[in-house]
Amino acid sequence: MNSQASERRRIRKLRRELSPRQRKALSRKMCTRLRKLPEFNHSRSIAAYIPFGGEIDPSLLIKNPALSSKRFFHPIIDRMGHRMFFVPAKERVRKNRFGIHEPLFSNGSQHFARKLDLVLMPLVAFDKNGHRIGAGGGYYDHCFQHRTGFHHKPVLVGIGYDFQELPSITPNPWDVKLDAVVTPTRTLFF
């Protein structure tokens with residue numbers, strides 16, 4: 001068994017073991033810290049996932065009336081399961097083929113990655129060098145592979161719990177590096 005698979009299982013178990021009350025308190029702290037970032041404050045179009053499997057929850061930002069000038073988006077996996085794009089965040093959701101909630105959307109409402117200012121990325125683990133272990137599908141890495149050379153938009157910020165940090169992650173050649181990670185107690189820039 002490879003070490004990334006065992007780390008995924010271990011950290012996912014820790015996330016699921018948090019009580020709803022603990023998740024909410026830690027998510028609130030992370031959102032407060034995130035709102036202090038200049039990258040967040042200067043962004044107009046922000047993508048944030050709908051939490052799944054005990055992930056830290058960025059929805060407090062989306063529901064905050066003080067942030068109504070910002071446009072929030074959620075990721076969607078296309079029906080063929082090949083590509084990820086973004087649609088306006090909405091209350092009405094459905095489960096996709098992976099059991100993850102996605103907003104209902106109409107054709108033509110898709111917003112592509114290059115048009116976003118900031119993306120709040122889920123993660124299973126991260127390290128001090130900006131490497132991330134995701135869920136394993138590679139959707140975020142594929143979606144943001146254009147961020148090489150002079151193309152650094154959007155800003156990619158991983159959000160998670162402090163216990164998700166690992167000493168070191170060996171990246172795959174296709175992995176996209178994070179610009180920052182925000183946890184309930186720290187902000188790390190890379």
# chains A, B, ... in the order shown; residues from 1 in each chain; ligands from 1
call {"tool": "residues_around", "arguments": {"residues": "range 35-44 of chain A", "least_positions_apart": "6", "cutoff": "9 Å", "atoms": "only C-alpha atoms", "output": "number ranges by chain"}}
result
A: 61, 69-72, 116-118, 155, 187
call {"tool": "select_by_dssp", "arguments": {"residues": "range 36-103 of chain A", "states": "helix (DSSP H, G or I)", "output": "NGL selection string"}}
result
:A and (38-41 or 59-62 or 65-67)
call {"tool": "write_last_selection", "arguments": {"atoms": "all heavy atoms", "output": "PDB file, in the first residue's frame"}}
result
ATOM      1  N   PRO A  38      -5.165  39.615   2.147  1.00  0.00           N
ATOM      2  CA  PRO A  38      -5.344  40.568   1.040  1.00  0.00           C
ATOM      3  C   PRO A  38      -5.834  39.876  -0.229  1.00  0.00           C
ATOM      4  O   PRO A  38      -6.645  40.421  -0.966  1.00  0.00           O
ATOM      5  CB  PRO A  38      -3.950  41.167   0.837  1.00  0.00           C
ATOM      6  CG  PRO A  38      -3.223  40.911   2.116  1.00  0.00           C
ATOM      7  CD  PRO A  38      -3.821  39.664   2.717  1.00  0.00           C
ATOM      8  N   GLU A  39      -5.366  38.653  -0.474  1.00  0.00           N
ATOM      9  CA  GLU A  39      -5.781  37.902  -1.662  1.00  0.00           C
ATOM     10  C   GLU A  39      -7.286  37.657  -1.646  1.00  0.00           C
ATOM     11  O   GLU A  39      -7.927  37.665  -2.693  1.00  0.00           O
ATOM     12  CB  GLU A  39      -5.034  36.565  -1.747  1.00  0.00           C
ATOM     13  CG  GLU A  39      -3.558  36.686  -2.015  1.00  0.00           C
ATOM     14  CD  GLU A  39      -2.712  36.986  -0.776  1.00  0.00           C
ATOM     15  OE1 GLU A  39      -3.268  37.172   0.320  1.00  0.00           O
ATOM     16  OE2 GLU A  39      -1.487  37.056  -0.936  1.00  0.00           O
ATOM     17  N   PHE A  40      -7.842  37.435  -0.481  1.00  0.00           N
ATOM     18  CA  PHE A  40      -9.288  37.253  -0.370  1.00  0.00           C
ATOM     19  C   PHE A  40     -10.005  38.588  -0.556  1.00  0.00           C
ATOM     20  O   PHE A  40     -10.975  38.688  -1.302  1.00  0.00           O
ATOM     21  CB  PHE A  40      -9.656  36.641   0.993  1.00  0.00           C
ATOM     22  CG  PHE A  40     -11.132  36.451   1.170  1.00  0.00           C
ATOM     23  CD1 PHE A  40     -11.764  35.344   0.642  1.00  0.00           C
ATOM     24  CD2 PHE A  40     -11.902  37.389   1.835  1.00  0.00           C
ATOM     25  CE1 PHE A  40     -13.140  35.164   0.784  1.00  0.00           C
ATOM     26  CE2 PHE A  40     -13.269  37.226   1.984  1.00  0.00           C
ATOM     27  CZ  PHE A  40     -13.892  36.112   1.461  1.00  0.00           C
ATOM     28  N   ASN A  41      -9.522  39.617   0.110  1.00  0.00           N
ATOM     29  CA  ASN A  41     -10.191  40.919   0.060  1.00  0.00           C
ATOM     30  C   ASN A  41     -10.170  41.555  -1.326  1.00  0.00           C
ATOM     31  O   ASN A  41     -11.094  42.263  -1.689  1.00  0.00           O
ATOM     32  CB  ASN A  41      -9.592  41.857   1.107  1.00  0.00           C
ATOM     33  CG  ASN A  41      -9.968  41.422   2.505  1.00  0.00           C
ATOM     34  OD1 ASN A  41     -11.138  41.178   2.783  1.00  0.00           O
ATOM     35  ND2 ASN A  41      -8.990  41.269   3.369  1.00  0.00           N
ATOM     36  N   SER A  59     -18.489  27.592   3.829  1.00  0.00           N
ATOM     37  CA  SER A  59     -19.793  28.177   3.485  1.00  0.00           C
ATOM     38  C   SER A  59     -20.161  29.405   4.310  1.00  0.00           C
ATOM     39  O   SER A  59     -20.996  30.196   3.892  1.00  0.00           O
ATOM     40  CB  SER A  59     -20.906  27.131   3.582  1.00  0.00           C
ATOM     41  OG  SER A  59     -21.104  26.762   4.927  1.00  0.00           O
ATOM     42  N   LEU A  60     -19.534  29.595   5.472  1.00  0.00           N
ATOM     43  CA  LEU A  60     -19.810  30.805   6.256  1.00  0.00           C
ATOM     44  C   LEU A  60     -19.467  32.057   5.455  1.00  0.00           C
ATOM     45  O   LEU A  60     -20.086  33.102   5.629  1.00  0.00           O
ATOM     46  CB  LEU A  60     -19.011  30.792   7.564  1.00  0.00           C
ATOM     47  CG  LEU A  60     -19.416  29.733   8.576  1.00  0.00           C
ATOM     48  CD1 LEU A  60     -18.433  29.716   9.744  1.00  0.00           C
ATOM     49  CD2 LEU A  60     -20.827  29.978   9.070  1.00  0.00           C
ATOM     50  N   LEU A  61     -18.479  31.952   4.582  1.00  0.00           N
ATOM     51  CA  LEU A  61     -18.105  33.092   3.734  1.00  0.00           C
ATOM     52  C   LEU A  61     -19.203  33.368   2.713  1.00  0.00           C
ATOM     53  O   LEU A  61     -19.586  34.511   2.488  1.00  0.00           O
ATOM     54  CB  LEU A  61     -16.790  32.802   3.007  1.00  0.00           C
ATOM     55  CG  LEU A  61     -15.577  32.577   3.896  1.00  0.00           C
ATOM     56  CD1 LEU A  61     -14.434  32.009   3.083  1.00  0.00           C
ATOM     57  CD2 LEU A  61     -15.172  33.866   4.581  1.00  0.00           C
ATOM     58  N   ILE A  62     -19.699  32.325   2.106  1.00  0.00           N
ATOM     59  CA  ILE A  62     -20.699  32.469   1.046  1.00  0.00           C
ATOM     60  C   ILE A  62     -22.000  33.038   1.599  1.00  0.00           C
ATOM     61  O   ILE A  62     -22.662  33.841   0.957  1.00  0.00           O
ATOM     62  CB  ILE A  62     -20.931  31.100   0.367  1.00  0.00           C
ATOM     63  CG1 ILE A  62     -19.633  30.667  -0.331  1.00  0.00           C
ATOM     64  CG2 ILE A  62     -22.088  31.155  -0.627  1.00  0.00           C
ATOM     65  CD1 ILE A  62     -19.628  29.238  -0.785  1.00  0.00           C
ATOM     66  N   PRO A  65     -23.609  38.175   4.593  1.00  0.00           N
ATOM     67  CA  PRO A  65     -24.135  39.319   3.842  1.00  0.00           C
ATOM     68  C   PRO A  65     -23.104  40.440   3.657  1.00  0.00           C
ATOM     69  O   PRO A  65     -23.189  41.199   2.699  1.00  0.00           O
ATOM     70  CB  PRO A  65     -25.316  39.804   4.676  1.00  0.00           C
ATOM     71  CG  PRO A  65     -25.405  38.947   5.869  1.00  0.00           C
ATOM     72  CD  PRO A  65     -24.339  37.908   5.822  1.00  0.00           C
ATOM     73  N   ALA A  66     -22.112  40.511   4.530  1.00  0.00           N
ATOM     74  CA  ALA A  66     -21.075  41.545   4.395  1.00  0.00           C
ATOM     75  C   ALA A  66     -20.197  41.310   3.166  1.00  0.00           C
ATOM     76  O   ALA A  66     -19.482  42.209   2.734  1.00  0.00           O
ATOM     77  CB  ALA A  66     -20.207  41.593   5.650  1.00  0.00           C
ATOM     78  N   LEU A  67     -20.276  40.114   2.597  1.00  0.00           N
ATOM     79  CA  LEU A  67     -19.458  39.785   1.424  1.00  0.00           C
ATOM     80  C   LEU A  67     -20.288  39.707   0.152  1.00  0.00           C
ATOM     81  O   LEU A  67     -19.900  39.076  -0.820  1.00  0.00           O
ATOM     82  CB  LEU A  67     -18.737  38.447   1.668  1.00  0.00           C
ATOM     83  CG  LEU A  67     -17.811  38.413   2.890  1.00  0.00           C
ATOM     84  CD1 LEU A  67     -17.263  37.010   3.098  1.00  0.00           C
ATOM     85  CD2 LEU A  67     -16.688  39.423   2.738  1.00  0.00           C
TER      86      LEU A  67
END
call {"tool": "residues_around", "arguments": {"residues": "Asp175 in chain A", "least_positions_apart": "6", "cutoff": "12 Å", "atoms": "only C-alpha atoms", "output": "tab-separated table (two decimals) with all heavy atoms, in the first residue's frame"}}
result
chain	number	residue	atom	x	y	z
A	130	GLY	N	3.87	23.79	0.14
A	130	GLY	CA	2.74	24.08	-0.74
A	130	GLY	C	2.26	22.90	-1.55
A	130	GLY	O	1.45	23.06	-2.47
A	131	HIS	N	2.74	21.70	-1.21
A	131	HIS	CA	2.26	20.50	-1.88
A	131	HIS	C	1.00	20.03	-1.16
A	131	HIS	O	0.84	20.21	0.03
A	131	HIS	CB	3.32	19.41	-1.89
A	131	HIS	CG	4.58	19.83	-2.56
A	131	HIS	ND1	4.64	20.17	-3.89
A	131	HIS	CD2	5.82	19.99	-2.08
A	131	HIS	CE1	5.88	20.51	-4.20
A	131	HIS	NE2	6.62	20.42	-3.11
A	132	ARG	N	0.14	19.36	-1.92
A	132	ARG	CA	-1.17	18.96	-1.41
A	132	ARG	C	-1.47	17.55	-1.86
A	132	ARG	O	-1.13	17.14	-2.97
A	132	ARG	CB	-2.18	19.96	-2.00
A	132	ARG	CG	-3.59	19.55	-2.08
A	132	ARG	CD	-4.39	20.61	-2.88
A	132	ARG	NE	-5.76	20.21	-3.03
A	132	ARG	CZ	-6.24	19.45	-3.99
A	132	ARG	NH1	-5.45	19.02	-4.95
A	132	ARG	NH2	-7.51	19.13	-4.04
A	133	ILE	N	-2.13	16.82	-0.97
A	133	ILE	CA	-2.72	15.54	-1.35
A	133	ILE	C	-4.22	15.81	-1.41
A	133	ILE	O	-4.81	16.27	-0.42
A	133	ILE	CB	-2.42	14.42	-0.33
A	133	ILE	CG1	-0.93	14.13	-0.27
A	133	ILE	CG2	-3.20	13.16	-0.70
A	133	ILE	CD1	-0.54	13.12	0.81
A	134	GLY	N	-4.81	15.57	-2.55
A	134	GLY	CA	-6.24	15.77	-2.72
A	134	GLY	C	-6.99	14.46	-2.54
A	134	GLY	O	-6.46	13.49	-1.99
A	136	GLY	N	-7.80	12.41	-4.80
A	136	GLY	CA	-7.26	11.34	-5.64
A	136	GLY	C	-7.72	11.36	-7.08
A	136	GLY	O	-7.21	10.62	-7.90
A	137	GLY	N	-8.69	12.20	-7.41
A	137	GLY	CA	-9.19	12.24	-8.78
A	137	GLY	C	-8.39	13.12	-9.72
A	137	GLY	O	-8.50	13.00	-10.94
A	138	GLY	N	-7.61	14.05	-9.19
A	138	GLY	CA	-6.80	14.94	-10.01
A	138	GLY	C	-7.56	16.06	-10.68
A	138	GLY	O	-7.02	16.75	-11.55
A	139	TYR	N	-8.81	16.29	-10.29
A	139	TYR	CA	-9.63	17.31	-10.97
A	139	TYR	C	-9.07	18.72	-10.79
A	139	TYR	O	-9.01	19.49	-11.75
A	139	TYR	CB	-11.08	17.25	-10.48
A	139	TYR	CG	-11.80	16.03	-10.96
A	139	TYR	CD1	-12.00	14.94	-10.11
A	139	TYR	CD2	-12.24	15.93	-12.27
A	139	TYR	CE1	-12.64	13.80	-10.56
A	139	TYR	CE2	-12.88	14.79	-12.72
A	139	TYR	CZ	-13.07	13.73	-11.87
A	139	TYR	OH	-13.70	12.60	-12.32
A	140	TYR	N	-8.66	19.07	-9.59
A	140	TYR	CA	-8.11	20.40	-9.37
A	140	TYR	C	-6.78	20.56	-10.10
A	140	TYR	O	-6.53	21.60	-10.71
A	140	TYR	CB	-7.94	20.68	-7.87
A	140	TYR	CG	-9.22	21.08	-7.18
A	140	TYR	CD1	-10.06	20.13	-6.62
A	140	TYR	CD2	-9.60	22.42	-7.10
A	140	TYR	CE1	-11.24	20.49	-6.00
A	140	TYR	CE2	-10.79	22.79	-6.48
A	140	TYR	CZ	-11.60	21.82	-5.93
A	140	TYR	OH	-12.78	22.18	-5.32
A	141	ASP	N	-5.93	19.54	-10.05
A	141	ASP	CA	-4.65	19.62	-10.75
A	141	ASP	C	-4.85	19.81	-12.25
A	141	ASP	O	-4.21	20.64	-12.88
A	141	ASP	CB	-3.81	18.36	-10.49
A	141	ASP	CG	-3.42	18.24	-9.03
A	141	ASP	OD1	-2.88	19.21	-8.48
A	141	ASP	OD2	-3.66	17.17	-8.44
A	142	HIS	N	-5.75	19.06	-12.82
A	142	HIS	CA	-6.02	19.18	-14.25
A	142	HIS	C	-6.62	20.55	-14.59
A	142	HIS	O	-6.23	21.19	-15.56
A	142	HIS	CB	-6.96	18.06	-14.71
A	142	HIS	CG	-7.27	18.12	-16.17
A	142	HIS	ND1	-6.36	17.80	-17.14
A	142	HIS	CD2	-8.40	18.49	-16.82
A	142	HIS	CE1	-6.90	17.97	-18.34
A	142	HIS	NE2	-8.14	18.38	-18.17
A	143	CYS	N	-7.53	21.00	-13.75
A	143	CYS	CA	-8.22	22.27	-14.00
A	143	CYS	C	-7.27	23.46	-13.96
A	143	CYS	O	-7.45	24.43	-14.70
A	143	CYS	CB	-9.32	22.45	-12.95
A	143	CYS	SG	-10.42	23.82	-13.26
A	144	PHE	N	-6.24	23.39	-13.11
A	144	PHE	CA	-5.34	24.53	-12.94
A	144	PHE	C	-3.94	24.29	-13.50
A	144	PHE	O	-3.00	24.99	-13.16
A	144	PHE	CB	-5.28	24.93	-11.46
A	144	PHE	CG	-6.62	25.34	-10.95
A	144	PHE	CD1	-7.33	24.56	-10.06
A	144	PHE	CD2	-7.21	26.51	-11.41
A	144	PHE	CE1	-8.58	24.93	-9.62
A	144	PHE	CE2	-8.47	26.89	-10.97
A	144	PHE	CZ	-9.15	26.10	-10.08
A	145	GLN	N	-3.82	23.34	-14.40
A	145	GLN	CA	-2.51	23.08	-15.01
A	145	GLN	C	-2.02	24.25	-15.86
A	145	GLN	O	-0.84	24.35	-16.16
A	145	GLN	CB	-2.55	21.79	-15.82
A	145	GLN	CG	-3.42	21.87	-17.05
A	145	GLN	CD	-3.53	20.52	-17.73
A	145	GLN	OE1	-2.91	19.55	-17.33
A	145	GLN	NE2	-4.33	20.46	-18.78
A	146	HIS	N	-2.91	25.17	-16.22
A	146	HIS	CA	-2.52	26.35	-17.00
A	146	HIS	C	-1.68	27.33	-16.18
A	146	HIS	O	-1.08	28.24	-16.72
A	146	HIS	CB	-3.77	27.08	-17.53
A	146	HIS	CG	-4.57	27.75	-16.46
A	146	HIS	ND1	-5.55	27.09	-15.76
A	146	HIS	CD2	-4.52	29.01	-15.96
A	146	HIS	CE1	-6.09	27.93	-14.87
A	146	HIS	NE2	-5.48	29.09	-14.97
A	147	ARG	N	-1.62	27.14	-14.86
A	147	ARG	CA	-0.90	28.06	-13.98
A	147	ARG	C	0.60	27.78	-13.99
A	147	ARG	O	1.17	27.38	-12.99
A	147	ARG	CB	-1.43	27.94	-12.56
A	147	ARG	CG	-2.73	28.65	-12.33
A	147	ARG	CD	-3.14	28.57	-10.89
A	147	ARG	NE	-2.05	28.25	-9.99
A	147	ARG	CZ	-1.54	29.09	-9.09
A	147	ARG	NH1	-2.03	30.28	-8.92
A	147	ARG	NH2	-0.56	28.71	-8.32
A	148	THR	N	1.21	27.95	-15.12
A	148	THR	CA	2.65	27.79	-15.23
A	148	THR	C	3.22	29.04	-15.89
A	148	THR	O	2.50	29.80	-16.51
A	148	THR	CB	3.02	26.56	-16.07
A	148	THR	OG1	2.43	26.72	-17.37
A	148	THR	CG2	2.53	25.27	-15.43
A	169	ILE	N	5.52	16.01	1.46
A	169	ILE	CA	4.75	15.31	0.45
A	169	ILE	C	5.58	15.28	-0.83
A	169	ILE	O	6.08	16.33	-1.26
A	169	ILE	CB	3.40	16.01	0.19
A	169	ILE	CG1	2.50	15.93	1.42
A	169	ILE	CG2	2.70	15.39	-1.03
A	169	ILE	CD1	1.24	16.77	1.33
call {"tool": "closest_residue", "arguments": {"among": "A:Lys95, A:Lys153, A:Arg8, A:His101", "to": "Pro51 in chain A", "atoms": "only C-alpha atoms"}}
result
A:His101
call {"tool": "atom_distance", "arguments": {"atom1": "CA of Pro184 in chain A", "atom2": "CA of Leu26 in chain A"}}
result
5.7 Å
call {"tool": "closest_residue", "arguments": {"among": "A:Asp57, A:Asp78, A:Glu7, A:Asp127", "to": "Phe190 in chain A", "atoms": "only C-alpha atoms"}}
result
A:Asp127
call {"tool": "closest_residue", "arguments": {"among": "A:Phe73, A:Phe189, A:Tyr161, A:Phe105", "to": "Leu123 in chain A", "atoms": "only C-alpha atoms"}}
result
A:Tyr161
call {"tool": "select_by_dssp", "arguments": {"residues": "range 14-171 of chain A", "states": "strand (DSSP E or B)", "output": "number ranges by chain"}}
result
A: 45-48, 71-77, 84-88, 93-95, 101-103, 111, 118-121, 125-126, 132-133, 155-159, 165
call {"tool": "residues_around", "arguments": {"residues": "Glu55 in chain A", "least_positions_apart": "4", "cutoff": "9 Å", "atoms": "only C-alpha atoms", "output": "ChimeraX atom specification"}}
result
/A:12,15-16,23,50-51,122-124,159-161
call {"tool": "write_last_selection", "arguments": {"atoms": "N, CA and C atoms", "output": "compact mmCIF listing (two decimals), in the first residue's frame"}}
result
# COMPACT_ATOMS: atom_id res chain seq x y z
N ARG A 12 -8.64 11.29 6.71
CA ARG A 12 -10.10 11.28 6.52
C ARG A 12 -10.80 10.75 7.77
N ARG A 15 -10.87 13.52 10.31
CA ARG A 15 -11.89 14.51 9.96
C ARG A 15 -13.28 14.03 10.35
N ARG A 16 -13.59 12.79 10.03
CA ARG A 16 -14.91 12.24 10.35
C ARG A 16 -15.15 12.14 11.85
N ARG A 23 -16.37 20.84 14.15
CA ARG A 23 -16.19 21.27 12.75
C ARG A 23 -16.63 22.71 12.55
N ILE A 50 -18.22 22.60 -1.64
CA ILE A 50 -19.21 22.21 -0.65
C ILE A 50 -18.57 21.08 0.15
N PRO A 51 -18.47 21.20 1.49
CA PRO A 51 -17.73 20.20 2.27
C PRO A 51 -18.32 18.80 2.19
N PRO A 122 -10.12 22.17 -1.43
CA PRO A 122 -10.13 21.15 -0.38
C PRO A 122 -8.82 20.38 -0.42
N LEU A 123 -8.48 19.79 0.68
CA LEU A 123 -7.27 18.97 0.69
C LEU A 123 -7.41 17.89 1.74
N VAL A 124 -6.69 16.81 1.51
CA VAL A 124 -6.60 15.77 2.52
C VAL A 124 -5.38 16.04 3.38
N ILE A 159 -7.49 24.97 2.13
CA ILE A 159 -8.03 25.22 3.47
C ILE A 159 -8.27 23.88 4.15
N GLY A 160 -7.92 23.83 5.42
CA GLY A 160 -8.07 22.57 6.15
C GLY A 160 -7.78 22.74 7.62
N TYR A 161 -7.76 21.64 8.31
CA TYR A 161 -7.46 21.61 9.74
C TYR A 161 -5.96 21.53 9.95
call {"tool": "atom_distance", "arguments": {"atom1": "CA of Glu165 in chain A", "atom2": "CA of Lys128 in chain A"}}
result
7.8 Å
call {"tool": "residues_around", "arguments": {"residues": "Pro58 in chain A", "least_positions_apart": "5", "cutoff": "10 Å", "atoms": "only C-alpha atoms", "output": "list in words"}}
result
Lys24, Ser27, Arg28, Met30, Cys31, Leu34, Ala47, Ala48, Tyr49, Ile50, Pro51, Lys63, Leu120, Met121, Pro122, Ile159 and Gly160 of chain A
call {"tool": "closest_residue", "arguments": {"among": "A:Ala135, A:Ala25, A:Leu178, A:Ile46", "to": "Ala5 in chain A", "atoms": "only C-alpha atoms"}}
result
A:Ala135
call {"tool": "closest_residue", "arguments": {"among": "A:Ala180, A:Pro173, A:Pro88, A:Phe163", "to": "Lys13 in chain A", "atoms": "only C-alpha atoms"}}
result
A:Phe163
